[in-house]
$ cat coords.pdb   # PDB, C-alpha atoms
ATOM      1  CA  ALA A 754     -16.890-141.904  70.903
ATOM      2  CA  SER A 755     -18.570-144.006  73.612
ATOM      3  CA  ARG A 756     -21.635-146.228  73.578
ATOM      4  CA  LEU A 757     -23.566-143.616  75.523
ATOM      5  CA  GLY A 758     -22.525-140.962  73.017
ATOM      6  CA  ASP A 759     -23.632-143.185  70.123
ATOM      7  CA  ALA A 760     -26.980-143.783  71.830
ATOM      8  CA  VAL A 761     -27.549-140.054  72.404
ATOM      9  CA  GLN A 762     -26.554-139.283  68.807
ATOM     10  CA  PHE A 763     -28.958-141.937  67.508
ATOM     11  CA  PHE A 764     -31.755-140.578  69.678
ATOM     12  CA  VAL A 765     -31.198-136.954  68.655
ATOM     13  CA  TYR A 766     -30.810-137.582  64.921
ATOM     14  CA  ASP A 767     -33.093-140.538  64.277
ATOM     15  CA  THR A 768     -36.070-139.901  66.576
ATOM     16  CA  PRO A 769     -37.431-137.033  64.411
ATOM     17  CA  LYS A 770     -37.116-139.212  61.286
ATOM     18  CA  VAL A 771     -38.965-142.101  62.931
ATOM     19  CA  MET A 772     -41.682-139.774  64.252
ATOM     20  CA  LEU A 773     -42.143-138.199  60.795
ATOM     21  CA  LEU A 774     -42.343-141.631  59.182
ATOM     22  CA  LEU A 775     -44.851-142.838  61.763
ATOM     23  CA  THR A 776     -46.984-139.691  61.358
ATOM     24  CA  LEU A 777     -47.061-140.014  57.564
ATOM     25  CA  ILE A 778     -47.901-143.725  57.723
ATOM     26  CA  VAL A 779     -50.729-143.207  60.227
ATOM     27  CA  PHE A 780     -52.141-140.375  58.105
ATOM     28  CA  ALA A 781     -51.979-142.416  54.885
ATOM     29  CA  VAL A 782     -53.613-145.422  56.566
ATOM     30  CA  GLY A 783     -56.381-143.184  57.941
ATOM     31  CA  VAL A 784     -57.167-141.950  54.427
ATOM     32  CA  LEU A 785     -56.995-145.499  53.036
ATOM     33  CA  ARG A 786     -59.305-146.831  55.725
ATOM     34  CA  SER A 787     -61.961-144.233  54.897
ATOM     35  CA  PHE A 788     -62.634-146.193  51.686
ATOM     36  CA  PHE A 789     -63.556-149.395  53.547
ATOM     37  CA  THR A 790     -66.758-149.054  55.553
ATOM     38  CA  GLN A 791     -68.437-151.943  57.346
ATOM     39  CA  GLU A 792     -71.267-152.039  54.813
ATOM     40  CA  ARG A 793     -68.935-152.107  51.807
ATOM     41  CA  THR A 794     -66.899-154.903  53.389
ATOM     42  CA  ARG A 795     -70.039-156.939  54.063
ATOM     43  CA  ARG A 796     -71.141-156.542  50.442
ATOM     44  CA  TYR A 797     -67.764-157.787  49.176
ATOM     45  CA  LEU A 798     -67.914-160.930  51.294
ATOM     46  CA  ALA A 799     -71.591-161.851  51.006
ATOM     47  CA  GLY A 800     -72.301-164.833  48.784
ATOM     48  CA  LYS A 801     -68.666-165.638  47.940
ATOM     49  CA  HIS A 802     -67.475-169.231  47.515
ATOM     50  CA  GLU A 803     -65.684-170.346  50.668
ATOM     51  CA  SER A 804     -62.139-170.687  49.292
ATOM     52  CA  ALA A 805     -62.230-167.372  47.428
ATOM     53  CA  GLY A 806     -64.059-165.819  50.361
ATOM     54  CA  ASN A 807     -61.335-166.843  52.838
ATOM     55  CA  VAL A 808     -58.627-165.233  50.724
ATOM     56  CA  MET A 809     -60.668-162.095  50.068
ATOM     57  CA  ALA A 810     -61.744-161.834  53.710
ATOM     58  CA  ALA A 811     -58.170-162.114  54.977
ATOM     59  CA  LEU A 812     -56.968-159.486  52.491
ATOM     60  CA  LEU A 813     -59.838-157.146  53.386
ATOM     61  CA  GLY A 814     -59.062-157.675  57.056
ATOM     62  CA  ILE A 815     -55.694-156.004  56.547
ATOM     63  CA  VAL A 816     -57.008-152.724  55.150
ATOM     64  CA  THR A 817     -60.229-152.284  57.077
ATOM     65  CA  PRO A 818     -60.476-150.181  60.235
ATOM     66  CA  PHE A 819     -61.625-152.943  62.537
ATOM     67  CA  CYS A 820     -59.849-154.323  65.561
ATOM     68  CA  SER A 821     -60.563-157.202  67.901
ATOM     69  CA  CYS A 822     -62.970-155.020  69.921
ATOM     70  CA  SER A 823     -65.384-154.959  66.975
ATOM     71  CA  ALA A 824     -65.511-158.756  66.651
ATOM     72  CA  VAL A 825     -69.092-159.294  67.817
ATOM     73  CA  PRO A 826     -70.721-156.507  65.768
ATOM     74  CA  MET A 827     -68.763-157.577  62.692
ATOM     75  CA  PHE A 828     -69.708-161.216  63.251
ATOM     76  CA  LEU A 829     -73.380-160.244  63.354
ATOM     77  CA  GLY A 830     -72.974-158.098  60.259
ATOM     78  CA  PHE A 831     -71.400-160.943  58.317
ATOM     79  CA  VAL A 832     -74.126-163.332  59.433
ATOM     80  CA  GLN A 833     -76.713-160.799  58.268
ATOM     81  CA  ALA A 834     -74.958-160.499  54.914
ATOM     82  CA  GLY A 835     -74.929-164.286  54.449
ATOM     83  CA  ALA A 836     -71.164-164.840  54.580
ATOM     84  CA  PRO A 837     -70.077-168.374  55.549
ATOM     85  CA  LEU A 838     -68.795-168.767  59.100
ATOM     86  CA  GLY A 839     -65.266-169.690  57.986
ATOM     87  CA  VAL A 840     -65.030-166.607  55.770
ATOM     88  CA  THR A 841     -66.220-164.464  58.650
ATOM     89  CA  PHE A 842     -63.501-165.809  60.883
ATOM     90  CA  SER A 843     -60.800-165.321  58.226
ATOM     91  CA  PHE A 844     -61.672-161.627  58.256
ATOM     92  CA  LEU A 845     -61.961-161.373  62.021
ATOM     93  CA  ILE A 846     -58.585-163.049  62.550
ATOM     94  CA  ALA A 847     -56.731-160.999  59.921
ATOM     95  CA  ALA A 848     -58.167-157.597  60.910
ATOM     96  CA  PRO A 849     -56.441-157.256  64.283
ATOM     97  CA  MET A 850     -53.521-159.580  63.504
ATOM     98  CA  VAL A 851     -52.042-157.989  60.374
ATOM     99  CA  ASN A 852     -51.607-154.299  61.061
ATOM    100  CA  GLU A 853     -50.538-152.174  58.105
ATOM    101  CA  ILE A 854     -48.765-149.667  60.333
ATOM    102  CA  ALA A 855     -46.694-152.445  61.896
ATOM    103  CA  LEU A 856     -46.061-153.774  58.398
ATOM    104  CA  ALA A 857     -44.668-150.427  57.221
ATOM    105  CA  LEU A 858     -42.559-150.043  60.356
ATOM    106  CA  LEU A 859     -41.168-153.564  59.999
ATOM    107  CA  TYR A 860     -40.260-152.763  56.415
ATOM    108  CA  GLY A 861     -38.521-149.547  57.456
ATOM    109  CA  LEU A 862     -36.701-151.024  60.432
ATOM    110  CA  LEU A 863     -35.937-154.628  59.466
ATOM    111  CA  GLY A 864     -36.367-154.722  55.691
ATOM    112  CA  TRP A 865     -38.715-156.317  53.236
ATOM    113  CA  LYS A 866     -38.018-159.908  54.319
ATOM    114  CA  ALA A 867     -39.273-159.338  57.870
ATOM    115  CA  ALA A 868     -42.295-157.402  56.586
ATOM    116  CA  ALA A 869     -43.119-160.115  54.050
ATOM    117  CA  LEU A 870     -42.783-162.818  56.710
ATOM    118  CA  TYR A 871     -45.145-160.900  59.029
ATOM    119  CA  LEU A 872     -47.674-160.360  56.231
ATOM    120  CA  GLY A 873     -47.486-163.921  54.922
ATOM    121  CA  ALA A 874     -47.730-165.529  58.347
ATOM    122  CA  GLY A 875     -50.699-163.384  59.344
ATOM    123  CA  LEU A 876     -52.567-164.065  56.108
ATOM    124  CA  LEU A 877     -51.795-167.777  56.237
ATOM    125  CA  ILE A 878     -52.989-168.092  59.825
ATOM    126  CA  ALA A 879     -56.200-166.183  59.024
ATOM    127  CA  MET A 880     -56.985-168.185  55.872
ATOM    128  CA  VAL A 881     -56.188-171.604  57.357
ATOM    129  CA  SER A 882     -58.128-170.808  60.530
ATOM    130  CA  GLY A 883     -61.134-169.707  58.497
ATOM    131  CA  TRP A 884     -60.920-172.830  56.354
ATOM    132  CA  VAL A 885     -60.749-175.081  59.457
ATOM    133  CA  ILE A 886     -63.671-173.296  61.115
ATOM    134  CA  GLY A 887     -65.645-173.617  57.876
ATOM    135  CA  ARG A 888     -64.974-177.373  57.783
ATOM    136  CA  LEU A 889     -66.148-177.855  61.366
ATOM    137  CA  LYS A 890     -69.696-176.811  60.355
ATOM    138  CA  LEU A 891     -70.307-174.835  63.542
ATOM    139  CA  GLU A 892     -73.328-172.919  62.214
ATOM    140  CA  GLY A 893     -75.627-175.191  64.219
ATOM    141  CA  TRP A 894     -74.005-173.999  67.451
ATOM    142  CA  MET A 895     -74.959-170.372  66.882
ATOM    143  CA  GLU A 896     -77.749-168.966  69.008
ATOM    144  CA  ASP A 897     -81.188-168.966  67.381
ATOM    145  CA  TRP A 898     -81.451-165.165  67.443
ATOM    146  CA  VAL A 899     -78.182-164.879  65.477
ATOM    147  CA  ARG A 900     -79.385-167.288  62.792
ATOM    148  CA  ALA A 901     -82.705-165.464  62.615
ATOM    149  CA  LEU A 902     -81.068-162.211  61.549
ATOM    150  CA  ARG A 903     -81.963-161.223  58.052
ATOM    151  CA  ALA A 904     -80.022-158.888  55.810
ATOM    152  CA  GLY A 905     -82.932-156.459  55.569
ATOM    153  CA  GLU A 906     -83.430-155.916  59.295
ATOM    154  CA  ALA A 907     -80.590-153.506  59.864
ATOM    155  CA  VAL A 908     -80.640-149.999  58.485
ATOM    156  CA  VAL A 909     -77.495-149.565  56.455
ATOM    157  CA  PHE A 910     -75.904-146.160  56.041
ATOM    158  CA  GLU A 911     -73.113-145.830  53.503
ATOM    159  CA  GLN A 912     -71.288-142.587  54.032
ATOM    160  CA  ARG A 913     -70.330-140.559  51.007
ATOM    161  CA  LEU A 914     -67.130-138.899  52.143
ATOM    162  CA  SER A 915     -65.476-136.044  50.314
ATOM    163  CA  TRP A 916     -61.695-135.933  50.026
ATOM    164  CA  ARG A 917     -61.668-133.242  52.703
ATOM    165  CA  ASP A 918     -63.567-135.598  55.073
ATOM    166  CA  ARG A 919     -61.136-138.412  54.237
ATOM    167  CA  LEU A 920     -58.141-136.203  54.976
ATOM    168  CA  ASP A 921     -59.754-135.106  58.251
ATOM    169  CA  GLN A 922     -60.337-138.759  59.151
ATOM    170  CA  GLY A 923     -56.693-139.481  58.371
ATOM    171  CA  ARG A 924     -55.643-136.813  60.835
TER
END
$ encode --input "coords.pdb" --output "structure tokens"
Amino acid sequence: ASRLGDAVQFFVYDTPKVMLLLTLIVFAVGVLRSFFTQERTRRYLAGKHESAGNVMAALLGIVTPFCSCSAVPMFLGFVQAGAPLGVTFSFLIAAPMVNEIALALLYGLLGWKAAALYLGAGLLIAMVSGWVIGRLKLEGWMEDWVRALRAGEAVVFEQRLSWRDRLDQGR
């Protein structure tokens, strides 16, 4: 009947539920992410109009398995695929910013309003940032070797994963 007793009761009864929820979410996201390879993402964004590309890039950034540590390789891949610089940055800002695991946990802990605010703010920041970067016309500031990349130079391997491989990747 004390605060300490309430805290211990919460820990004992709710920790297994939270751990089960977190495990299921991480597993489901791992399976979902197996559908979005780098090559497939590049193909979706290549040649898109800038406004549609910013929206699509930000949405793809949420579900793809890329974090901020993959920014340079992804930037080069988008340049190779011919995506506009603003679209590239919409993706690269949304990918590490809007995390689907955090989104699910926010929904479970704080409700749909907090989760929707997190999702909307992250997408808005990514899309507006990409639009601004696209308007600044910074392509001329890229190094010559980056601009010289052509889509055919890199060998592209698209994995064909079975459901068993996807489930293993989720684990």
$ residues_around --input "coords.pdb" --residues "Val885 (chain A)" --least-positions-apart "4" --cutoff "8 Å" --atoms "all atoms listed in the file" --output "ChimeraX atom specification"
/A:839,881,889
$ write_last_selection --input "coords.pdb" --atoms "C-alpha atoms" --output "tab-separated table (two decimals), keeping the file's coordinate frame"
chain	number	residue	atom	x	y	z
A	839	GLY	CA	-65.27	-169.69	57.99
A	881	VAL	CA	-56.19	-171.60	57.36
A	889	LEU	CA	-66.15	-177.86	61.37
$ resolve_selection --input "coords.pdb" --expression "the PyMOL selection byres ((chain A and resi 808) around 10)" --output "ChimeraX atom specification"
/A:803-807,809-814,840,843-844,876-877,879-881,883-884
$ residues_around --input "coords.pdb" --residues "Ile778 (chain A)" --least-positions-apart "2" --cutoff "9 Å" --atoms "all atoms listed in the file" --output "PyMOL selection string"
chain A and resi 773-776+780-783+853-854+857-858
$ write_last_selection --input "coords.pdb" --atoms "C-alpha atoms" --output "short mmCIF file (atom, residue, chain, number, x, y, z; two decimals), in the coordinates of the input"
data_model
loop_
_atom_site.label_atom_id
_atom_site.label_comp_id
_atom_site.auth_asym_id
_atom_site.auth_seq_id
_atom_site.Cartn_x
_atom_site.Cartn_y
_atom_site.Cartn_z
CA LEU A 773 -42.14 -138.20 60.80
CA LEU A 774 -42.34 -141.63 59.18
CA LEU A 775 -44.85 -142.84 61.76
CA THR A 776 -46.98 -139.69 61.36
CA PHE A 780 -52.14 -140.38 58.10
CA ALA A 781 -51.98 -142.42 54.88
CA VAL A 782 -53.61 -145.42 56.57
CA GLY A 783 -56.38 -143.18 57.94
CA GLU A 853 -50.54 -152.17 58.10
CA ILE A 854 -48.76 -149.67 60.33
CA ALA A 857 -44.67 -150.43 57.22
CA LEU A 858 -42.56 -150.04 60.36
#
$ decode --input "coords.pdb" --residues "region 821-863 of chain A" --atoms "N, CA and C atoms" --output "PDB file, in the first residue's frame"
ATOM      1  N   SER A 821      21.516   6.711 -39.492  1.00  0.00           N
ATOM      2  CA  SER A 821      22.372   7.829 -39.857  1.00  0.00           C
ATOM      3  C   SER A 821      23.785   7.380 -40.239  1.00  0.00           C
ATOM      4  N   CYS A 822      24.206   6.196 -39.796  1.00  0.00           N
ATOM      5  CA  CYS A 822      25.552   5.720 -40.134  1.00  0.00           C
ATOM      6  C   CYS A 822      25.671   5.302 -41.594  1.00  0.00           C
ATOM      7  N   SER A 823      24.553   5.138 -42.290  1.00  0.00           N
ATOM      8  CA  SER A 823      24.605   4.763 -43.698  1.00  0.00           C
ATOM      9  C   SER A 823      24.379   5.966 -44.608  1.00  0.00           C
ATOM     10  N   ALA A 824      24.517   7.173 -44.086  1.00  0.00           N
ATOM     11  CA  ALA A 824      24.185   8.376 -44.845  1.00  0.00           C
ATOM     12  C   ALA A 824      25.039   8.536 -46.098  1.00  0.00           C
ATOM     13  N   VAL A 825      26.338   8.364 -45.987  1.00  0.00           N
ATOM     14  CA  VAL A 825      27.201   8.579 -47.154  1.00  0.00           C
ATOM     15  C   VAL A 825      26.983   7.523 -48.231  1.00  0.00           C
ATOM     16  N   PRO A 826      26.961   6.224 -47.911  1.00  0.00           N
ATOM     17  CA  PRO A 826      26.681   5.254 -48.969  1.00  0.00           C
ATOM     18  C   PRO A 826      25.309   5.444 -49.613  1.00  0.00           C
ATOM     19  N   MET A 827      24.306   5.791 -48.816  1.00  0.00           N
ATOM     20  CA  MET A 827      22.984   6.022 -49.390  1.00  0.00           C
ATOM     21  C   MET A 827      22.975   7.268 -50.263  1.00  0.00           C
ATOM     22  N   PHE A 828      23.675   8.312 -49.851  1.00  0.00           N
ATOM     23  CA  PHE A 828      23.767   9.521 -50.654  1.00  0.00           C
ATOM     24  C   PHE A 828      24.361   9.182 -52.024  1.00  0.00           C
ATOM     25  N   LEU A 829      25.443   8.429 -52.026  1.00  0.00           N
ATOM     26  CA  LEU A 829      26.073   8.049 -53.291  1.00  0.00           C
ATOM     27  C   LEU A 829      25.141   7.192 -54.138  1.00  0.00           C
ATOM     28  N   GLY A 830      24.419   6.296 -53.490  1.00  0.00           N
ATOM     29  CA  GLY A 830      23.473   5.458 -54.224  1.00  0.00           C
ATOM     30  C   GLY A 830      22.359   6.266 -54.858  1.00  0.00           C
ATOM     31  N   PHE A 831      21.851   7.252 -54.154  1.00  0.00           N
ATOM     32  CA  PHE A 831      20.806   8.102 -54.715  1.00  0.00           C
ATOM     33  C   PHE A 831      21.341   8.956 -55.855  1.00  0.00           C
ATOM     34  N   VAL A 832      22.556   9.452 -55.712  1.00  0.00           N
ATOM     35  CA  VAL A 832      23.164  10.222 -56.795  1.00  0.00           C
ATOM     36  C   VAL A 832      23.319   9.332 -58.026  1.00  0.00           C
ATOM     37  N   GLN A 833      23.777   8.109 -57.821  1.00  0.00           N
ATOM     38  CA  GLN A 833      23.906   7.163 -58.930  1.00  0.00           C
ATOM     39  C   GLN A 833      22.568   6.905 -59.603  1.00  0.00           C
ATOM     40  N   ALA A 834      21.509   6.816 -58.804  1.00  0.00           N
ATOM     41  CA  ALA A 834      20.188   6.519 -59.358  1.00  0.00           C
ATOM     42  C   ALA A 834      19.535   7.730 -60.011  1.00  0.00           C
ATOM     43  N   GLY A 835      20.104   8.924 -59.828  1.00  0.00           N
ATOM     44  CA  GLY A 835      19.563  10.118 -60.458  1.00  0.00           C
ATOM     45  C   GLY A 835      18.499  10.832 -59.645  1.00  0.00           C
ATOM     46  N   ALA A 836      18.396  10.552 -58.367  1.00  0.00           N
ATOM     47  CA  ALA A 836      17.416  11.240 -57.520  1.00  0.00           C
ATOM     48  C   ALA A 836      17.882  12.670 -57.256  1.00  0.00           C
ATOM     49  N   PRO A 837      16.958  13.628 -57.240  1.00  0.00           N
ATOM     50  CA  PRO A 837      17.339  15.014 -56.914  1.00  0.00           C
ATOM     51  C   PRO A 837      17.915  15.103 -55.500  1.00  0.00           C
ATOM     52  N   LEU A 838      18.745  16.088 -55.270  1.00  0.00           N
ATOM     53  CA  LEU A 838      19.420  16.236 -53.986  1.00  0.00           C
ATOM     54  C   LEU A 838      18.426  16.452 -52.839  1.00  0.00           C
ATOM     55  N   GLY A 839      17.391  17.227 -53.054  1.00  0.00           N
ATOM     56  CA  GLY A 839      16.386  17.453 -52.020  1.00  0.00           C
ATOM     57  C   GLY A 839      15.647  16.179 -51.642  1.00  0.00           C
ATOM     58  N   VAL A 840      15.315  15.371 -52.631  1.00  0.00           N
ATOM     59  CA  VAL A 840      14.652  14.086 -52.380  1.00  0.00           C
ATOM     60  C   VAL A 840      15.569  13.173 -51.574  1.00  0.00           C
ATOM     61  N   THR A 841      16.830  13.162 -51.934  1.00  0.00           N
ATOM     62  CA  THR A 841      17.805  12.354 -51.215  1.00  0.00           C
ATOM     63  C   THR A 841      17.849  12.745 -49.741  1.00  0.00           C
ATOM     64  N   PHE A 842      17.852  14.030 -49.485  1.00  0.00           N
ATOM     65  CA  PHE A 842      17.919  14.474 -48.103  1.00  0.00           C
ATOM     66  C   PHE A 842      16.618  14.234 -47.348  1.00  0.00           C
ATOM     67  N   SER A 843      15.470  14.265 -48.014  1.00  0.00           N
ATOM     68  CA  SER A 843      14.217  13.914 -47.344  1.00  0.00           C
ATOM     69  C   SER A 843      14.299  12.488 -46.802  1.00  0.00           C
ATOM     70  N   PHE A 844      14.819  11.591 -47.612  1.00  0.00           N
ATOM     71  CA  PHE A 844      14.983  10.200 -47.179  1.00  0.00           C
ATOM     72  C   PHE A 844      15.987  10.099 -46.041  1.00  0.00           C
ATOM     73  N   LEU A 845      17.123  10.731 -46.215  1.00  0.00           N
ATOM     74  CA  LEU A 845      18.202  10.599 -45.229  1.00  0.00           C
ATOM     75  C   LEU A 845      17.859  11.257 -43.893  1.00  0.00           C
ATOM     76  N   ILE A 846      16.964  12.222 -43.889  1.00  0.00           N
ATOM     77  CA  ILE A 846      16.536  12.826 -42.632  1.00  0.00           C
ATOM     78  C   ILE A 846      15.469  11.961 -41.963  1.00  0.00           C
ATOM     79  N   ALA A 847      14.541  11.426 -42.748  1.00  0.00           N
ATOM     80  CA  ALA A 847      13.452  10.629 -42.174  1.00  0.00           C
ATOM     81  C   ALA A 847      13.923   9.271 -41.668  1.00  0.00           C
ATOM     82  N   ALA A 848      14.897   8.657 -42.351  1.00  0.00           N
ATOM     83  CA  ALA A 848      15.304   7.290 -41.983  1.00  0.00           C
ATOM     84  C   ALA A 848      15.750   7.170 -40.532  1.00  0.00           C
ATOM     85  N   PRO A 849      16.661   7.989 -40.044  1.00  0.00           N
ATOM     86  CA  PRO A 849      17.026   7.833 -38.634  1.00  0.00           C
ATOM     87  C   PRO A 849      16.089   8.568 -37.674  1.00  0.00           C
ATOM     88  N   MET A 850      15.345   9.565 -38.184  1.00  0.00           N
ATOM     89  CA  MET A 850      14.534  10.382 -37.284  1.00  0.00           C
ATOM     90  C   MET A 850      13.245   9.681 -36.859  1.00  0.00           C
ATOM     91  N   VAL A 851      12.524   9.115 -37.810  1.00  0.00           N
ATOM     92  CA  VAL A 851      11.239   8.483 -37.510  1.00  0.00           C
ATOM     93  C   VAL A 851      11.467   6.983 -37.420  1.00  0.00           C
ATOM     94  N   ASN A 852      11.475   6.494 -36.202  1.00  0.00           N
ATOM     95  CA  ASN A 852      11.763   5.087 -35.939  1.00  0.00           C
ATOM     96  C   ASN A 852      10.447   4.380 -35.653  1.00  0.00           C
ATOM     97  N   GLU A 853      10.154   3.329 -36.425  1.00  0.00           N
ATOM     98  CA  GLU A 853       8.883   2.640 -36.271  1.00  0.00           C
ATOM     99  C   GLU A 853       8.752   1.914 -34.931  1.00  0.00           C
ATOM    100  N   ILE A 854       9.850   1.505 -34.357  1.00  0.00           N
ATOM    101  CA  ILE A 854       9.787   0.875 -33.037  1.00  0.00           C
ATOM    102  C   ILE A 854       9.405   1.918 -31.988  1.00  0.00           C
ATOM    103  N   ALA A 855      10.020   3.092 -32.062  1.00  0.00           N
ATOM    104  CA  ALA A 855       9.656   4.169 -31.144  1.00  0.00           C
ATOM    105  C   ALA A 855       8.204   4.589 -31.362  1.00  0.00           C
ATOM    106  N   LEU A 856       7.761   4.568 -32.596  1.00  0.00           N
ATOM    107  CA  LEU A 856       6.382   4.914 -32.914  1.00  0.00           C
ATOM    108  C   LEU A 856       5.415   3.942 -32.242  1.00  0.00           C
ATOM    109  N   ALA A 857       5.686   2.656 -32.335  1.00  0.00           N
ATOM    110  CA  ALA A 857       4.820   1.653 -31.710  1.00  0.00           C
ATOM    111  C   ALA A 857       4.853   1.767 -30.188  1.00  0.00           C
ATOM    112  N   LEU A 858       6.026   2.018 -29.635  1.00  0.00           N
ATOM    113  CA  LEU A 858       6.126   2.167 -28.181  1.00  0.00           C
ATOM    114  C   LEU A 858       5.408   3.430 -27.700  1.00  0.00           C
ATOM    115  N   LEU A 859       5.537   4.518 -28.440  1.00  0.00           N
ATOM    116  CA  LEU A 859       4.803   5.730 -28.079  1.00  0.00           C
ATOM    117  C   LEU A 859       3.300   5.489 -28.101  1.00  0.00           C
ATOM    118  N   TYR A 860       2.856   4.759 -29.110  1.00  0.00           N
ATOM    119  CA  TYR A 860       1.430   4.431 -29.195  1.00  0.00           C
ATOM    120  C   TYR A 860       0.998   3.606 -27.979  1.00  0.00           C
ATOM    121  N   GLY A 861       1.790   2.610 -27.626  1.00  0.00           N
ATOM    122  CA  GLY A 861       1.442   1.754 -26.495  1.00  0.00           C
ATOM    123  C   GLY A 861       1.516   2.455 -25.157  1.00  0.00           C
ATOM    124  N   LEU A 862       2.469   3.353 -25.003  1.00  0.00           N
ATOM    125  CA  LEU A 862       2.676   4.004 -23.709  1.00  0.00           C
ATOM    126  C   LEU A 862       1.882   5.295 -23.538  1.00  0.00           C
ATOM    127  N   LEU A 863       1.821   6.116 -24.592  1.00  0.00           N
ATOM    128  CA  LEU A 863       1.226   7.443 -24.467  1.00  0.00           C
ATOM    129  C   LEU A 863      -0.033   7.640 -25.298  1.00  0.00           C
TER     130      LEU A 863
END
